[in-house]
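Structure first, then comments.
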Amino acid sequence: MNATAVNAARSHPPRFPARRHLTNAAPPAIALLAGILAWEVVARAWGVVFFPPFSAVVVRLAELTAGGRILSSLVGTLTNLVIGFTIAAVFGVGIGMLMGAYRKVEMALDIYVYAMLTAPSLVFAPIFFAIFGLSRASILGVVIIYSIFIIIVNTVAAIRSVPIALVEMGRSYCASERQLFMKIILPAALPLIFAGLRLGIGRAVKGTINGEMFITAVGLGAVVISAGRRFDAAAVLAVLLVIIIIALVAVKIVQIVDARMTGWLPSTARQQRTRRGGGA
Amino acid sequence: MIEISGLAKTFPAKGKDEPVDALKDVNLTIQDGEFLTILGPSGCGKTTLLRMIAGLMDWDDGEISVDGKPVRGPGPERAMVFQSFALLPWATIRDNVAFGLELRGVSKAKRNARADELIDLVGLRGFETRLPGQLSGGMQQRVGLARALAVDPQILLMDEPFGALDEQTRRLLQEELLQIWEATRKTVIFITHSMEEAVLLGDRVALMSPRPGRIVELVPVPLPRPRASAVDAIEGSAEFAKITASLWRQLREMQLFRRHSAQGRHAPSEPAA
Ligand SMILES: Nc1ncnc2c1ncn2[C@@H]1O[C@H](COP(=O)(O)OP(=O)(O)O)[C@@H](O)[C@H]1O
Ligand SMILES: [Mg+2]
């Protein structure tokens with residue numbers, strides 16, 4: 001992918017860009033406001049301790065942030081997330097490529113990948129705890145278990161989806177195996193690989209928080225646990241808000257990298273891929 | 001010179017499918033600078049034959065050689081134009097045309113200059129930085145042709161290159177191909193299932209029969225060249241009508257024969273072209 005290709009793709013904007021932008025932005029904004037409003041009204045009317053209104057949650061969030069608890073936990077959580085997801089992405093894409101390229105590797109590993117993909121990932125937390133104890137490695141293990149298999153499955157599909165005609169074209173122009181991979185297979189597979197990474201980052205956020213809640217006394221997960229023990233519902237929901245924001249930002253970052261690297265993809269194909277990717 | 005002798009290929013049985021005798025005893029010699037068209041009904045093994053000449057597929061028996069050297073794989077003296085265009089959707093038109101040169105390690109400046117020359121030749125100037133998805137089918141196949149010409153091959157292998165295009169576009173491209181060929185005189189093997197196309201373009205038409213595919217006849221086309229500027233006159237000529245009519249007679253016979261011989265057995269399946 002080079003800059004000229006991206007520019008060429010950008011030189012053809014959708015037909016009614018401004019209008020489309022507005023109509024696309026309005027529904028989620030309205031839905032969000034309506035949701036917050038409903039939350040506030042229902043919580044106030046109900047008046048129970050375990051369901052505080054939105055405003056109370058925001059106040060609690062401000063208090064926690066001011067006390068420094070959120071920020072210090074955030075650093076720990078983000079570190080776990082970034083390291084864990086990076087390992088999962090590198091090995092997930094690597095293993096997926098091997099499985100996609102070599103039938104025998106796929107036949108050998110397929111059953112494990114699908115077993116692990118459907119197994120509830122948190123089951124592995126005690127095992128990591130037994131092996132690594134109260135260390136970062138335990139949490140990273142959980143993050144990786146949560147996210148790597150969906151990345152593998154999507155990478156296998158990505159390699160499989162590379163049009164045979166393109167590979168044959170490369171061969172007919174005497175491409176070496178390395179050239180075939182770097183100049184045809186990899187760029188052709190990239191859109192679906194990124195679909196897997198987007199699903200993977202979402203799962204990695206879940207894995208990080210669950211791992212922290214289960215295993216150690218650090219990170220946002222630990223804040224949730226201690227707030228829960230104190231029956232501080234507002235604090236639990238406040239941390240939840242932070243976690244959701246982390247997840248959205250993380251997905252957005254992957255999306256931006258994706259758009260930069262696969263800018264050539266027609267917008268219709270992009271939408272289809274997103275739908276398929278989001279549904280899995 | 002391309003020499004093909006005793007070429008045979010059987011696709012092994014797969015699951016419930018019986019083995020397919022795709023080619024049997026194909027013999028063919030193509031002279032340097034000749035434009036040979038191969039005509040045959042769909043599924044008779046045309047693509048299989050061309051992929052073997054391109055070095056993309058193994059065969060069971062026989063020999064293919066180019067200038068006396070046996071074909072063992074793809075080579076720089078052969079370039080292929082694909083029915084499905086096979087363009088890289090993420091690469092600009094310029095990068096697509098330069099792709100064969102890029103694989104050969106030609107420097108960026110050199111290959112871009114060469115690509116622009118060919119983009120000009122096929123009439124796509126101004127589209128250098130577009131992506132294939134932004135071009136019509138006819139324009140995409142012009143890119144495919146330019147890419148093949150860019151590596152300056154001795155032999156062009158074309159597998160129904162205009163088969164996916166609409167009639168008007170196809171006629172325009174036929175004229176352009178004639179023009180380019182008459183200027184460069186490369187050896188061309190051009191596959192088609194259109195009798196008119198085979199006769200209009202070729203010096204000779206190799207007629208193939210289905211299952212197992214064989215060359216049943218080599219029909220010379222004694223129409224004058226250059227033809228690019230006289231396509232209408234040629235297509236209206238008595239000679240043109242005579243050759244296409246005789247080709248049609250033979251093709252029809254093949255189909256009838258095939259239908260009869262298939263009775264009682266399973267119906268002949270129509271494979272994708
Ligand atoms: N890779 C393959 N495996 C099995 N059968 C094949 C394969 N490729 C082609 N065939 C069969 O060989 C026959 C000739 O195919 P092809 O060369 O594509 O015909 P054409 O190009 O003339 O339409 C067909 O019956 C087709 O089904
Ligand atoms: Mg074919």
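As shown in the structure tokens, the chain order sets the letters A, B, ...; within each chain, residues go from 1, and ligands are also counted from 1 in the order they appear.
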
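Residues in contact with ligand 1 (atom pairs separated by at most 6 Å; only C-alpha atoms and all ligand atoms) are Phe11, Ala22, Ser42, Gly43, Cys44, Gly45, Lys46, Thr47, Thr48, Pro271 and Ala273 of chain B.
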
*Could you pull out the strand (DSSP E or B) residues of region 5-187 of chain B from DSSP and send them as JSON, numbers by chain?*
{"B": [5, 6, 7, 8, 9, 10, 11, 14, 17, 20, 21, 22, 23, 24, 25, 26, 27, 28, 29, 30, 35, 36, 37, 38, 39, 61, 62, 63, 64, 65, 66, 69, 70, 78, 79, 80, 81, 155, 156, 157, 158, 159, 187]}

_DSSP alpha helix (DSSP H) selection over region 16-171 of chain B, as number ranges by chain_ = B: 46-54, 93-97, 99-103, 108-121, 137-150, 167-171

*Got a sec: who's within 8 Å of region 96-103 of chain B, counting only C-alpha atoms, leaving out chain neighbours fewer than 4 positions off, as a list in words?*
Tyr173, Cys174, Ala175 and Gln179 of chain A; Leu87, Leu88, Ala91, Thr92, Ser107, Lys108, Arg111, Asn112, Arg114, Ala115, Leu118, Ile119, Val143, Gly144, Ala146, Arg147, Ala148, Ala150 and Val151 of chain B

*Can you tell me, as a list in words, what residues are no more than 6 Å from region 195-205 of chain B when counting only C-alpha atoms, ignoring any on the same chain fewer than 5 positions away?*
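The neighbour list is Phe35, Leu36, Thr37, Ile38, Leu218, Val219, Pro220, Val221 and Thr244 of chain B.
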
Limited to N, CA and C atoms, could you put the picked residues into a file as a PDB file, in the first residue's frame?
ATOM      1  N   PHE B  35       0.090 -15.050 -35.024  1.00  0.00           N
ATOM      2  CA  PHE B  35      -1.075 -14.831 -34.187  1.00  0.00           C
ATOM      3  C   PHE B  35      -1.967 -16.047 -34.331  1.00  0.00           C
ATOM      4  N   LEU B  36      -1.924 -16.924 -33.333  1.00  0.00           N
ATOM      5  CA  LEU B  36      -2.728 -18.135 -33.399  1.00  0.00           C
ATOM      6  C   LEU B  36      -3.935 -17.988 -32.473  1.00  0.00           C
ATOM      7  N   THR B  37      -5.117 -18.239 -33.021  1.00  0.00           N
ATOM      8  CA  THR B  37      -6.288 -18.261 -32.144  1.00  0.00           C
ATOM      9  C   THR B  37      -6.715 -19.702 -31.929  1.00  0.00           C
ATOM     10  N   ILE B  38      -7.102 -20.005 -30.711  1.00  0.00           N
ATOM     11  CA  ILE B  38      -7.590 -21.340 -30.397  1.00  0.00           C
ATOM     12  C   ILE B  38      -9.077 -21.227 -30.113  1.00  0.00           C
ATOM     13  N   LEU B 218      -6.449 -27.195 -38.148  1.00  0.00           N
ATOM     14  CA  LEU B 218      -5.776 -25.903 -38.167  1.00  0.00           C
ATOM     15  C   LEU B 218      -6.223 -25.181 -39.427  1.00  0.00           C
ATOM     16  N   VAL B 219      -6.973 -24.123 -39.246  1.00  0.00           N
ATOM     17  CA  VAL B 219      -7.552 -23.416 -40.397  1.00  0.00           C
ATOM     18  C   VAL B 219      -6.744 -22.153 -40.669  1.00  0.00           C
ATOM     19  N   PRO B 220      -6.100 -22.054 -41.829  1.00  0.00           N
ATOM     20  CA  PRO B 220      -5.395 -20.809 -42.144  1.00  0.00           C
ATOM     21  C   PRO B 220      -6.393 -19.692 -42.461  1.00  0.00           C
ATOM     22  N   VAL B 221      -6.035 -18.480 -42.093  1.00  0.00           N
ATOM     23  CA  VAL B 221      -6.905 -17.328 -42.361  1.00  0.00           C
ATOM     24  C   VAL B 221      -6.172 -16.405 -43.330  1.00  0.00           C
ATOM     25  N   THR B 244     -15.734 -18.476 -41.332  1.00  0.00           N
ATOM     26  CA  THR B 244     -16.556 -18.619 -40.119  1.00  0.00           C
ATOM     27  C   THR B 244     -17.634 -19.687 -40.314  1.00  0.00           C
TER      28      THR B 244
END

*Name the residues in contact with region 230-235 of chain B at a cut-off of 8 Å, using only C-alpha atoms, excluding same-chain residues fewer than 6 positions from it; report them as a PyMOL selection string.*
chain B and resi 175+200+223+241

Given the selection you just returned, output its residues as a file containing C-alpha atoms, formatted as a compact mmCIF listing (two decimals), in the first residue's frame.
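Saved the output as result20.txt:
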# COMPACT_ATOMS: atom_id res chain seq x y z
CA GLU B 175 -9.20 -3.38 -33.13
CA LEU B 200 -10.72 -11.60 -37.35
CA LEU B 223 -7.18 -12.36 -44.91
CA ALA B 241 -17.99 -15.44 -44.14

_Check: which chain B residues lie within 7 Å of chain A using only C-alpha atoms, as a VMD selection string_ = chain B and resid 54 56 74 to 76 79 to 80 86 90 to 92 100 103 129 to 131

Output N, CA, C and O atoms of each residue in that selection to a file, as a CSV table (one decimal), in the first residue's frame.
chain,number,residue,atom,x,y,z
B,54,ALA,N,1.9,-21.6,-20.3
B,54,ALA,CA,2.4,-20.5,-19.4
B,54,ALA,C,3.3,-21.1,-18.3
B,54,ALA,O,4.0,-20.3,-17.6
B,56,LEU,N,2.2,-22.9,-15.7
B,56,LEU,CA,1.4,-22.8,-14.4
B,56,LEU,C,0.8,-24.1,-14.0
B,56,LEU,O,0.3,-24.2,-12.9
B,74,PRO,N,6.9,-21.0,-15.4
B,74,PRO,CA,6.8,-19.7,-16.0
B,74,PRO,C,8.1,-19.1,-16.4
B,74,PRO,O,9.2,-19.5,-15.8
B,75,GLY,N,8.2,-18.3,-17.5
B,75,GLY,CA,9.4,-17.7,-17.9
B,75,GLY,C,9.2,-16.3,-18.4
B,75,GLY,O,8.1,-15.9,-18.7
B,76,PRO,N,10.3,-15.5,-18.4
B,76,PRO,CA,10.2,-14.1,-18.7
B,76,PRO,C,9.8,-13.9,-20.2
B,76,PRO,O,9.4,-12.8,-20.5
B,79,ALA,N,4.2,-13.9,-21.3
B,79,ALA,CA,3.4,-13.1,-20.4
B,79,ALA,C,1.9,-13.4,-20.7
B,79,ALA,O,1.5,-13.6,-21.8
B,80,MET,N,1.1,-13.4,-19.6
B,80,MET,CA,-0.3,-13.8,-19.8
B,80,MET,C,-1.2,-12.7,-19.5
B,80,MET,O,-1.0,-11.8,-18.7
B,86,ALA,N,-7.3,-10.0,-13.4
B,86,ALA,CA,-6.3,-10.3,-12.4
B,86,ALA,C,-5.4,-9.1,-12.0
B,86,ALA,O,-4.2,-9.1,-12.0
B,90,TRP,N,-5.4,-3.0,-4.9
B,90,TRP,CA,-4.9,-1.9,-4.0
B,90,TRP,C,-3.8,-1.1,-4.7
B,90,TRP,O,-3.4,-0.1,-4.2
B,91,ALA,N,-3.4,-1.5,-5.9
B,91,ALA,CA,-2.3,-0.8,-6.6
B,91,ALA,C,-2.9,0.1,-7.7
B,91,ALA,O,-3.9,-0.2,-8.3
B,92,THR,N,-2.2,1.2,-7.9
B,92,THR,CA,-2.7,2.1,-8.9
B,92,THR,C,-2.5,1.5,-10.3
B,92,THR,O,-1.8,0.5,-10.4
B,100,GLY,N,5.0,-6.5,-13.3
B,100,GLY,CA,6.0,-7.5,-13.8
B,100,GLY,C,7.4,-7.0,-13.7
B,100,GLY,O,8.3,-7.8,-13.3
B,103,LEU,N,8.6,-7.1,-10.0
B,103,LEU,CA,9.0,-8.4,-9.6
B,103,LEU,C,10.4,-8.7,-10.1
B,103,LEU,O,11.1,-9.5,-9.5
B,129,THR,N,-3.0,7.1,-11.8
B,129,THR,CA,-3.0,7.0,-10.3
B,129,THR,C,-4.4,6.5,-9.8
B,129,THR,O,-4.7,6.5,-8.7
B,130,ARG,N,-5.3,6.1,-10.8
B,130,ARG,CA,-6.5,5.5,-10.4
B,130,ARG,C,-6.3,4.1,-9.9
B,130,ARG,O,-5.3,3.5,-10.2
B,131,LEU,N,-7.3,3.6,-9.2
B,131,LEU,CA,-7.3,2.2,-8.8
B,131,LEU,C,-8.2,1.4,-9.8
B,131,LEU,O,-9.1,1.9,-10.4

*Write out as a PyMOL selection string which residues come within 12 Å of region 94-109 of chain A when counting only C-alpha atoms, dropping same-chain ones fewer than 5 positions away.*
chain A and resi 87-89+114-116+148-162+177+180-181+185-186+189-190+192-193+196-197

Keeping C-alpha atoms for every residue in the selection just given, could you write it to a file as a CSV table (one decimal), in the first residue's frame?
chain,number,residue,atom,x,y,z
A,87,ILE,CA,1.5,-10.6,21.8
A,88,ALA,CA,-1.9,-11.9,20.7
A,89,ALA,CA,-1.9,-10.0,17.4
A,114,TYR,CA,-12.1,-23.8,17.6
A,115,ALA,CA,-12.2,-25.5,21.0
A,116,MET,CA,-10.5,-22.5,22.6
A,148,ILE,CA,-5.8,-14.7,20.1
A,149,PHE,CA,-8.2,-17.3,18.8
A,150,ILE,CA,-10.5,-14.9,17.0
A,151,ILE,CA,-7.5,-13.3,15.4
A,152,ILE,CA,-6.2,-16.7,14.3
A,153,VAL,CA,-9.6,-17.7,12.8
A,154,ASN,CA,-9.9,-14.5,10.9
A,155,THR,CA,-6.4,-14.6,9.6
A,156,VAL,CA,-6.9,-18.1,8.3
A,157,ALA,CA,-10.1,-16.9,6.5
A,158,ALA,CA,-8.1,-13.9,5.2
A,159,ILE,CA,-5.4,-16.1,3.6
A,160,ARG,CA,-8.0,-18.4,2.2
A,161,SER,CA,-9.9,-15.5,0.6
A,162,VAL,CA,-7.0,-14.3,-1.4
A,177,GLU,CA,7.5,-17.3,-3.1
A,180,LEU,CA,4.1,-13.8,-3.8
A,181,PHE,CA,3.6,-13.4,-0.1
A,185,ILE,CA,-1.1,-12.6,-0.5
A,186,LEU,CA,-0.4,-10.2,2.4
A,189,ALA,CA,-5.5,-10.7,3.1
A,190,LEU,CA,-5.0,-7.5,5.1
A,192,LEU,CA,-9.9,-9.6,6.8
A,193,ILE,CA,-6.9,-9.7,9.0
A,196,GLY,CA,-10.0,-10.1,13.2
A,197,LEU,CA,-7.8,-7.6,15.0

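Comparing the minimum interatomic distances between Met158 (chain B) and each of B:Ile4, B:Gly236, B:Leu256, B:Ile191, counting only C-alpha atoms, we find that B:Ile191 sits nearest.
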
*asked:* Give me, as a VMD selection string, all polymer residues having an atom no more than 12 Å from Thr77 (chain A), counting only C-alpha atoms and skipping those fewer than 5 positions away in the same chain.
replied: chain A and resid 70 to 72 82 to 85 136 139 to 140 143 204 to 213 216 to 223 239 242 to 243 246 to 247

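Between CA of Arg203 (chain A) and CA of Ala26 (chain A) there is a distance of 27.8 Å.
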
*Quote the spacing between CA of Leu173 (chain B) and CA of Gln140 (chain B) in Å to one decimal place.*
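So the answer is 11.3 Å.
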
*Quote the spacing between CA of Gly213 (chain B) and CA of Lys24 (chain B) in Å to one decimal place.*
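CA of Gly213 (chain B) sits 5.9 Å away from CA of Lys24 (chain B).
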